[in-house]
Every structure is written in C-alpha cells, then in structure tokens.
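Comments concern the structure below.
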Amino acid sequence: REGRRLFVCLPGVHDLAPRATRLLLLHQTTFQELWDVALALEPLAARQAARHATPDDLALLAANQAATESETGLAKLVALDMEFHALVGRASHNRALMLAREPVGLLYNPTLLQIFQRLPQASQRNAAAHRQTLNALRAGDAEAAAEWTRKHMVDFQRGFALAGLDMSTPIAQPSPGLDKANHR
C-alpha cells in the first residue's frame with residue numbers, strides 16, 4: 001500500500017505455507033500423518049533436485065551442509081535441517097512440489113528439536129544423511145538422492161520412536177524463531 005494505491009502481488013510459497021501449517025495444526029494432524037506425506041514428498045523433491053539443481057542451488061546446499069557440520073547449538077541445527085530440506089525442495093524447480101512440501105516441513109521443527117535433545121547421536125546421523133544426499137545431488141544421481149532421503153526419513157521416524165514420542169499424538173505448534181529460519 002502506498003498512499004491510496006493498492007498493489008497486488010502473487011503470493012509465494014512462503015506466504016501460503018504458514019497458513020497451511022496452521023490449518024494442519026487446527027486439524028490436529030498427527031506425526032504419523034505428517035511422516036506419511038513427507039516420506040512421499042521428500043524423496044521426490046530430492047529426485048527432482050538431482051535432475052534440475054543449478055550450480056547456485058548446489059552452492060546453497062553446500063553452504064548449509066558446511067554450517068551444519070560446524071554447528072553445535074541444537075536449535076540452530078534444527079533450523080539448518082529445515083533449511084536443507086527447503087533448499088532441496090527449491091532445487092527441484094517444481095512449484096507444486098515446493099508448495100506441497102513446505103507446510104509439512106515447517107511442522108517438523110519442534111519434533112526434531114525433541115529428538116536432538118533426547119538422542120545425542122541424532123544430529124550427527126542427520127548431518128551424515130544430508131551429506132550423502134548432497135553428494136548424490138552433485139552427481140546428478142536422482143535415484144541415489146531419493147534413496148538417501150528415504151533412508152533419512154525412515155531414520156527420522158526411528159529417532160522419533162527412540163526418543164519416546166508417540167506417532168499418534170497431534171503435532172505441536174512450531175516455534176516462531178525456527179519457522180522464520182526456514183524462509184531465508
């Protein structure tokens with residue numbers, strides 16, 4: 001809005017995803033439901049990213065990986081994880097896929113933080129899976145990227161169970177600081 005003039009803009013993923021996230025929270029979506037969708041979307045995003053990632057996309061993913069390897073703060077590691085998955089989604093260059101996966105991705109942060117807090121090995125396993133996925137993306141190996149991402153998602157579910165969390169519990173509200181970290 002400038003004076004009396006109205007300007008119209010096309011909403012982007014970052015405008016719509018938080019609204020969809022709130023809707024999922026209001027419907028008391030469970031971790032199981034969220035994980036079922038992520039298990040389909042995240043490997044698909046990695047497969048498409050291996051086929052369509054630009055050098056700039058790969059550079060952003062490499063910078064994220066480097067930051068992850070040197071970070072020790074759990075909240076920051078969660079933000080970097082969310083950013084990694086968002087960057088893979090963006091590297092797919094598939095707008096429908098990015099819009100579908102973003103609200104699901106936003107809801108992982110409180111759960112991932114709980115896993116990192118309860119399982120000291122989780123952050124290292126997370127970084128290793130991202131490293132393997134990034135290597136596959138750099139090689140343009142769509143099947144390896146999808147498979148590493150699938151393994152990563154299965155490991156995430158296993159971490160959820162080992163942390164003593166209940167898959168049938170409705171997901172919790174994401175923390176606002178981590179939500180914003182995903183939208184860089």
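Chain labels A, B, ... are given in the sequence in which chains occur in the structure tokens; within each chain residues are numbered consecutively from 1, and ligands are likewise numbered from 1 in the order shown.
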* To do: Pick out each residue of region 1-183 of chain A that DSSP on the backbone tags as helix (DSSP H, G or I); I need them as a PyMOL selection string.
  => chain A and resi 13-26+31-52+55-70+74-91+95-106+109-118+122-139+142-162+176-181
Name the residues in contact with region 126-141 of chain A at a cut-off of 10 Å, using only C-alpha atoms, excluding same-chain residues fewer than 3 positions from it; report them as a PDB file with C-alpha atoms, in the first residue's frame.
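This went into selection-v5.pdb:
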ATOM      1  CA  PRO A  43      12.451 -38.295  -1.760  1.00  0.00           C
ATOM      2  CA  ALA A  46      15.487 -34.969  -3.900  1.00  0.00           C
ATOM      3  CA  ARG A  47      14.928 -36.920  -7.131  1.00  0.00           C
ATOM      4  CA  GLN A  48      13.761 -33.785  -8.932  1.00  0.00           C
ATOM      5  CA  ALA A  49      16.555 -31.682  -7.422  1.00  0.00           C
ATOM      6  CA  ALA A  50      19.156 -34.127  -8.745  1.00  0.00           C
ATOM      7  CA  ARG A  51      17.720 -33.568 -12.209  1.00  0.00           C
ATOM      8  CA  HIS A  52      17.165 -29.804 -12.042  1.00  0.00           C
ATOM      9  CA  ALA A  53      19.501 -28.224  -9.468  1.00  0.00           C
ATOM     10  CA  THR A  54      21.549 -25.304 -10.702  1.00  0.00           C
ATOM     11  CA  PRO A  55      25.104 -24.550  -9.565  1.00  0.00           C
ATOM     12  CA  ASP A  57      21.232 -24.358  -5.746  1.00  0.00           C
ATOM     13  CA  LEU A  58      24.130 -26.733  -5.061  1.00  0.00           C
ATOM     14  CA  ALA A  59      26.213 -23.895  -3.606  1.00  0.00           C
ATOM     15  CA  LEU A  61      23.084 -26.654  -0.147  1.00  0.00           C
ATOM     16  CA  ALA A  62      26.866 -26.956   0.306  1.00  0.00           C
ATOM     17  CA  ASN A  64      24.078 -25.267   4.574  1.00  0.00           C
ATOM     18  CA  GLN A  65      25.968 -28.549   4.946  1.00  0.00           C
ATOM     19  CA  ALA A  66      29.162 -26.750   5.983  1.00  0.00           C
ATOM     20  CA  THR A  68      25.605 -27.959   9.844  1.00  0.00           C
ATOM     21  CA  GLU A  69      28.978 -29.700  10.194  1.00  0.00           C
ATOM     22  CA  LEU A  77      20.879 -27.420  13.908  1.00  0.00           C
ATOM     23  CA  VAL A  78      17.111 -27.812  13.644  1.00  0.00           C
ATOM     24  CA  LEU A  80      19.661 -25.769   9.365  1.00  0.00           C
ATOM     25  CA  ASP A  81      17.884 -29.098   8.862  1.00  0.00           C
ATOM     26  CA  PHE A  84      18.364 -28.023   3.928  1.00  0.00           C
ATOM     27  CA  HIS A  85      15.067 -29.695   3.084  1.00  0.00           C
ATOM     28  CA  VAL A  88      16.288 -29.347  -1.809  1.00  0.00           C
ATOM     29  CA  ALA A  91      16.281 -27.044  -6.208  1.00  0.00           C
ATOM     30  CA  PHE A 116      18.092 -33.921  19.139  1.00  0.00           C
ATOM     31  CA  GLN A 121      23.675 -39.175  18.102  1.00  0.00           C
ATOM     32  CA  ALA A 122      20.712 -37.812  16.123  1.00  0.00           C
ATOM     33  CA  SER A 123      22.349 -34.592  14.937  1.00  0.00           C
ATOM     34  CA  ALA A 144      20.624 -42.181  -5.024  1.00  0.00           C
ATOM     35  CA  ALA A 145      19.337 -38.766  -3.889  1.00  0.00           C
ATOM     36  CA  ALA A 146      15.825 -40.163  -3.480  1.00  0.00           C
ATOM     37  CA  GLU A 147      17.053 -43.290  -1.697  1.00  0.00           C
ATOM     38  CA  TRP A 148      19.261 -41.379   0.762  1.00  0.00           C
ATOM     39  CA  THR A 149      16.378 -39.066   1.506  1.00  0.00           C
ATOM     40  CA  ARG A 150      14.044 -42.022   2.035  1.00  0.00           C
ATOM     41  CA  LYS A 151      16.582 -43.587   4.426  1.00  0.00           C
ATOM     42  CA  HIS A 152      16.864 -40.244   6.200  1.00  0.00           C
ATOM     43  CA  MET A 153      13.086 -40.085   6.643  1.00  0.00           C
ATOM     44  CA  ASP A 155      15.784 -42.797  10.378  1.00  0.00           C
ATOM     45  CA  PHE A 156      13.822 -39.729  11.495  1.00  0.00           C
TER      46      PHE A 156
END
* Asked: From the list A:Ala161, A:Ala45, A:Asp36, A:Ser168, which residue is nearest Ser92 (chain A) when using only C-alpha atoms?
  -> A:Ala45
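Minimum atom-to-atom distance to Leu99 (chain A), evaluated using only C-alpha atoms, belongs to A:Leu41 out of A:Ile115, A:Leu41, A:Ala67, A:Leu34.
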* Structure fact -> If you count only C-alpha atoms, the residue of A:Ala142, A:Ala63, A:Val104, A:Leu112 closest to Thr29 (chain A) turns out to be A:Val104
* Between CA of Pro110 (chain A) and CA of Thr30 (chain A) - distance in Å to one decimal ->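 These atoms are spaced 13.1 Å apart.
For the choices A:Ile171, A:Val37, A:Leu44, A:Val154, the atom-to-atom distance to Leu97 (chain A) is smallest for A:Leu44 when using only C-alpha atoms.
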